[in-house]
Amino acid sequence: MALTILDSVEASQAFGEGWAVDLVGGEIFALHGVLGAGKTQLVKGLGRGLDYRGDVTSPTFTIVHEYRGGRLPIYHLDLYRIKDEREAIEAGLEEYLPSDGVTIIEWPDRIASLLPPQTRHWELQVASLTERTIWRKQ
């Protein structure tokens with residue numbers, strides 16, 4: 001559980017880009033952290049690492065954004081507006097657990113019992129206006 005300090009938006013994106021190297025599809029990343037912790041910046045970097053060339057934005061209001069056209073599809077879920085697992089199931093979000101691509105989940109605590117054991121959990125914290133910390137939870 002190594003702690004990494006990300007001192008800029010670019011550093012956060014580069015960290016996410018590094019995740020892409022060994023991905024083959026079916027991976028699930030659960031990103032834990034408060035609003036503004038940098039979760040979407042990691043997804044932007046992951047998209048770049050998977051050769052996705054479009055815009056990556058937060059799906060807070062749409063719940064899911066699908067990014068295709070890179071080496072693997074990316075399914076970016078933001079569950080901030082989901083109340084519980086029942087609502088997630090009704091919305092059809094189980095189809096992304098796992099998927100043919102890479103699934104990234106913001107606010108994963110909303111569907112904790114639906115997450116498969118292979119889910120990679122990461123914690124992000126705001127250290128200052130410009131710094132974030134990130135570590136892999138066990």
# chains A, B, ... in the order shown; residues from 1 in each chain; ligands from 1

call {"tool": "residues_around", "arguments": {"residues": "A:Thr60", "least_positions_apart": "3", "cutoff": "12 Å", "atoms": "only C-alpha atoms", "output": "ChimeraX atom specification"}}
result
/A:35,39-40,57,63-65,76-82,105-107

call {"tool": "residues_around", "arguments": {"residues": "stretch 125-135 of chain A", "least_positions_apart": "5", "cutoff": "12 Å", "atoms": "only C-alpha atoms", "output": "ChimeraX atom specification"}}
result
/A:1-13,15-16,30-39,41-42,120

call {"tool": "write_last_selection", "arguments": {"atoms": "N, CA, C and O atoms", "output": "mmCIF file, in the first residue's frame"}}
result
data_model
loop_
_atom_site.group_PDB
_atom_site.id
_atom_site.type_symbol
_atom_site.label_atom_id
_atom_site.label_comp_id
_atom_site.auth_asym_id
_atom_site.auth_seq_id
_atom_site.Cartn_x
_atom_site.Cartn_y
_atom_site.Cartn_z
ATOM 1 N N MET A 1 0.833 -1.167 0.000
ATOM 2 C CA MET A 1 0.000 0.000 0.000
ATOM 3 C C MET A 1 0.888 1.244 0.000
ATOM 4 O O MET A 1 1.050 1.904 1.005
ATOM 5 N N ALA A 2 1.469 1.567 -1.116
ATOM 6 C CA ALA A 2 2.346 2.732 -1.242
ATOM 7 C C ALA A 2 1.514 3.980 -1.461
ATOM 8 O O ALA A 2 0.578 3.990 -2.257
ATOM 9 N N LEU A 3 1.864 5.042 -0.766
ATOM 10 C CA LEU A 3 1.211 6.326 -0.895
ATOM 11 C C LEU A 3 1.933 7.128 -1.977
ATOM 12 O O LEU A 3 3.153 7.224 -1.968
ATOM 13 N N THR A 4 1.156 7.680 -2.906
ATOM 14 C CA THR A 4 1.728 8.517 -3.954
ATOM 15 C C THR A 4 1.150 9.916 -3.815
ATOM 16 O O THR A 4 -0.053 10.078 -3.597
ATOM 17 N N ILE A 5 1.978 10.908 -3.939
ATOM 18 C CA ILE A 5 1.531 12.297 -3.911
ATOM 19 C C ILE A 5 1.467 12.794 -5.343
ATOM 20 O O ILE A 5 2.442 12.713 -6.088
ATOM 21 N N LEU A 6 0.301 13.291 -5.711
ATOM 22 C CA LEU A 6 0.074 13.844 -7.044
ATOM 23 C C LEU A 6 0.002 15.355 -6.881
ATOM 24 O O LEU A 6 -0.910 15.870 -6.245
ATOM 25 N N ASP A 7 0.986 16.071 -7.450
ATOM 26 C CA ASP A 7 1.098 17.504 -7.180
ATOM 27 C C ASP A 7 0.532 18.402 -8.272
ATOM 28 O O ASP A 7 0.727 19.614 -8.243
ATOM 29 N N SER A 8 -0.194 17.810 -9.223
ATOM 30 C CA SER A 8 -0.809 18.612 -10.285
ATOM 31 C C SER A 8 -1.836 17.757 -11.028
ATOM 32 O O SER A 8 -1.860 16.528 -10.890
ATOM 33 N N VAL A 9 -2.656 18.425 -11.807
ATOM 34 C CA VAL A 9 -3.617 17.714 -12.665
ATOM 35 C C VAL A 9 -2.858 16.788 -13.611
ATOM 36 O O VAL A 9 -3.252 15.637 -13.834
ATOM 37 N N GLU A 10 -1.759 17.287 -14.152
ATOM 38 C CA GLU A 10 -0.953 16.484 -15.087
ATOM 39 C C GLU A 10 -0.405 15.229 -14.404
ATOM 40 O O GLU A 10 -0.370 14.159 -15.017
ATOM 41 N N ALA A 11 0.017 15.359 -13.160
ATOM 42 C CA ALA A 11 0.529 14.196 -12.428
ATOM 43 C C ALA A 11 -0.571 13.182 -12.184
ATOM 44 O O ALA A 11 -0.353 11.967 -12.286
ATOM 45 N N SER A 12 -1.785 13.661 -11.882
ATOM 46 C CA SER A 12 -2.918 12.753 -11.689
ATOM 47 C C SER A 12 -3.240 12.009 -12.977
ATOM 48 O O SER A 12 -3.464 10.796 -12.981
ATOM 49 N N GLN A 13 -3.234 12.728 -14.080
ATOM 50 C CA GLN A 13 -3.521 12.095 -15.358
ATOM 51 C C GLN A 13 -2.419 11.104 -15.739
ATOM 52 O O GLN A 13 -2.706 10.022 -16.252
ATOM 53 N N PHE A 15 -0.607 9.380 -13.694
ATOM 54 C CA PHE A 15 -0.791 8.207 -12.836
ATOM 55 C C PHE A 15 -1.855 7.286 -13.439
ATOM 56 O O PHE A 15 -1.656 6.076 -13.548
ATOM 57 N N GLY A 16 -2.979 7.848 -13.854
ATOM 58 C CA GLY A 16 -4.029 7.059 -14.501
ATOM 59 C C GLY A 16 -3.568 6.447 -15.813
ATOM 60 O O GLY A 16 -3.903 5.310 -16.142
ATOM 61 N N ALA A 30 -12.349 0.885 -8.477
ATOM 62 C CA ALA A 30 -13.254 1.613 -7.597
ATOM 63 C C ALA A 30 -12.474 2.770 -6.990
ATOM 64 O O ALA A 30 -11.472 2.552 -6.307
ATOM 65 N N LEU A 31 -12.927 3.989 -7.275
ATOM 66 C CA LEU A 31 -12.222 5.176 -6.813
ATOM 67 C C LEU A 31 -12.988 5.803 -5.654
ATOM 68 O O LEU A 31 -14.115 6.276 -5.817
ATOM 69 N N HIS A 32 -12.359 5.800 -4.487
ATOM 70 C CA HIS A 32 -12.950 6.344 -3.270
ATOM 71 C C HIS A 32 -12.333 7.713 -3.009
ATOM 72 O O HIS A 32 -11.111 7.864 -3.044
ATOM 73 N N GLY A 33 -13.166 8.704 -2.719
ATOM 74 C CA GLY A 33 -12.647 10.026 -2.399
ATOM 75 C C GLY A 33 -13.742 11.070 -2.478
ATOM 76 O O GLY A 33 -14.756 10.878 -3.146
ATOM 77 N N VAL A 34 -13.523 12.186 -1.826
ATOM 78 C CA VAL A 34 -14.505 13.261 -1.776
ATOM 79 C C VAL A 34 -14.591 13.972 -3.125
ATOM 80 O O VAL A 34 -13.747 13.767 -4.014
ATOM 81 N N LEU A 35 -15.595 14.820 -3.264
ATOM 82 C CA LEU A 35 -15.694 15.665 -4.448
ATOM 83 C C LEU A 35 -14.414 16.481 -4.581
ATOM 84 O O LEU A 35 -13.901 17.016 -3.597
ATOM 85 N N GLY A 36 -13.872 16.533 -5.778
ATOM 86 C CA GLY A 36 -12.667 17.307 -6.022
ATOM 87 C C GLY A 36 -11.366 16.595 -5.707
ATOM 88 O O GLY A 36 -10.297 17.196 -5.775
ATOM 89 N N ALA A 37 -11.439 15.300 -5.395
ATOM 90 C CA ALA A 37 -10.222 14.549 -5.055
ATOM 91 C C ALA A 37 -9.389 14.183 -6.280
ATOM 92 O O ALA A 37 -8.237 13.795 -6.142
ATOM 93 N N GLY A 38 -9.958 14.285 -7.473
ATOM 94 C CA GLY A 38 -9.194 13.997 -8.683
ATOM 95 C C GLY A 38 -9.554 12.701 -9.377
ATOM 96 O O GLY A 38 -8.810 12.227 -10.244
ATOM 97 N N LYS A 39 -10.694 12.125 -9.050
ATOM 98 C CA LYS A 39 -11.091 10.843 -9.637
ATOM 99 C C LYS A 39 -11.217 10.930 -11.159
ATOM 100 O O LYS A 39 -10.691 10.092 -11.877
ATOM 101 N N GLN A 41 -9.830 13.056 -13.134
ATOM 102 C CA GLN A 41 -8.508 13.288 -13.744
ATOM 103 C C GLN A 41 -7.786 11.957 -13.976
ATOM 104 O O GLN A 41 -7.112 11.778 -14.998
ATOM 105 N N LEU A 42 -7.935 11.016 -13.045
ATOM 106 C CA LEU A 42 -7.339 9.687 -13.254
ATOM 107 C C LEU A 42 -7.948 9.005 -14.476
ATOM 108 O O LEU A 42 -7.248 8.372 -15.259
ATOM 109 N N ARG A 120 -10.320 -3.404 -8.024
ATOM 110 C CA ARG A 120 -9.141 -2.714 -7.476
ATOM 111 C C ARG A 120 -9.614 -1.414 -6.834
ATOM 112 O O ARG A 120 -10.094 -0.521 -7.519
#

call {"tool": "select_by_dssp", "arguments": {"residues": "stretch 9-47 of chain A", "states": "helix (DSSP H, G or I)", "output": "list in words"}}
result
Val9, Glu10, Ala11, Ser12, Gln13, Ala14, Phe15, Gly16, Glu17, Gly18, Trp19, Ala20, Val21, Asp22, Lys39, Thr40, Gln41, Leu42, Val43, Lys44, Gly45, Leu46 and Gly47 of chain A

call {"tool": "write_last_selection", "arguments": {"atoms": "N, CA and C atoms", "output": "compact mmCIF listing (two decimals), in the first residue's frame"}}
result
# COMPACT_ATOMS: atom_id res chain seq x y z
N VAL A 9 -2.66 18.42 -11.81
CA VAL A 9 -3.62 17.71 -12.66
C VAL A 9 -2.86 16.79 -13.61
N GLU A 10 -1.76 17.29 -14.15
CA GLU A 10 -0.95 16.48 -15.09
C GLU A 10 -0.40 15.23 -14.40
N ALA A 11 0.02 15.36 -13.16
CA ALA A 11 0.53 14.20 -12.43
C ALA A 11 -0.57 13.18 -12.18
N SER A 12 -1.78 13.66 -11.88
CA SER A 12 -2.92 12.75 -11.69
C SER A 12 -3.24 12.01 -12.98
N GLN A 13 -3.23 12.73 -14.08
CA GLN A 13 -3.52 12.10 -15.36
C GLN A 13 -2.42 11.10 -15.74
N ALA A 14 -1.17 11.44 -15.48
CA ALA A 14 -0.06 10.53 -15.78
C ALA A 14 -0.17 9.26 -14.94
N PHE A 15 -0.61 9.38 -13.69
CA PHE A 15 -0.79 8.21 -12.84
C PHE A 15 -1.86 7.29 -13.44
N GLY A 16 -2.98 7.85 -13.85
CA GLY A 16 -4.03 7.06 -14.50
C GLY A 16 -3.57 6.45 -15.81
N GLU A 17 -2.76 7.19 -16.55
CA GLU A 17 -2.22 6.68 -17.82
C GLU A 17 -1.37 5.44 -17.57
N GLY A 18 -0.64 5.43 -16.49
CA GLY A 18 0.20 4.28 -16.15
C GLY A 18 -0.60 3.01 -15.90
N TRP A 19 -1.84 3.14 -15.46
CA TRP A 19 -2.69 1.97 -15.24
C TRP A 19 -2.95 1.20 -16.54
N ALA A 20 -2.95 1.89 -17.67
CA ALA A 20 -3.39 1.31 -18.94
C ALA A 20 -2.44 0.26 -19.51
N VAL A 21 -1.21 0.27 -19.11
CA VAL A 21 -0.17 -0.54 -19.74
C VAL A 21 -0.54 -2.01 -19.85
N ASP A 22 -0.97 -2.62 -18.77
CA ASP A 22 -1.19 -4.07 -18.75
C ASP A 22 -2.66 -4.48 -18.82
N LYS A 39 -10.69 12.13 -9.05
CA LYS A 39 -11.09 10.84 -9.64
C LYS A 39 -11.22 10.93 -11.16
N THR A 40 -11.89 11.96 -11.63
CA THR A 40 -12.07 12.09 -13.07
C THR A 40 -10.75 12.37 -13.78
N GLN A 41 -9.83 13.06 -13.13
CA GLN A 41 -8.51 13.29 -13.74
C GLN A 41 -7.79 11.96 -13.98
N LEU A 42 -7.94 11.02 -13.05
CA LEU A 42 -7.34 9.69 -13.25
C LEU A 42 -7.95 9.01 -14.48
N VAL A 43 -9.26 9.14 -14.63
CA VAL A 43 -9.94 8.52 -15.78
C VAL A 43 -9.48 9.16 -17.08
N LYS A 44 -9.26 10.47 -17.08
CA LYS A 44 -8.73 11.14 -18.27
C LYS A 44 -7.38 10.54 -18.66
N GLY A 45 -6.53 10.33 -17.67
CA GLY A 45 -5.23 9.73 -17.94
C GLY A 45 -5.34 8.30 -18.43
N LEU A 46 -6.23 7.53 -17.82
CA LEU A 46 -6.45 6.16 -18.26
C LEU A 46 -6.90 6.15 -19.72
N GLY A 47 -7.82 7.05 -20.06
CA GLY A 47 -8.27 7.14 -21.45
C GLY A 47 -7.11 7.41 -22.39

call {"tool": "closest_residue", "arguments": {"among": "A:Pro117, A:Gly54, A:Pro59, A:Gly26", "to": "A:Glu95", "atoms": "only C-alpha atoms"}}
result
A:Gly26

call {"tool": "atom_distance", "arguments": {"atom1": "atom CA of A:Asp55", "atom2": "atom CA of A:Ala91"}}
result
24.1 Å

call {"tool": "closest_residue", "arguments": {"among": "A:Arg136, A:Arg48, A:Ile74, A:Gly69", "to": "A:Pro98", "atoms": "only C-alpha atoms"}}
result
A:Ile74

call {"tool": "select_by_dssp", "arguments": {"residues": "stretch 36-94 of chain A", "states": "strand (DSSP E)", "output": "PyMOL selection string"}}
result
chain A and resi 64-67+74-78

call {"tool": "closest_residue", "arguments": {"among": "A:Phe61, A:Thr103, A:Arg53, A:Leu93", "to": "A:Leu23", "atoms": "only C-alpha atoms"}}
result
A:Thr103

call {"tool": "residues_around", "arguments": {"residues": "A:Arg110", "least_positions_apart": "2", "cutoff": "6 Å", "atoms": "only C-alpha atoms", "output": "MDAnalysis selection string"}}
result
chainID A and resid 84 108 112
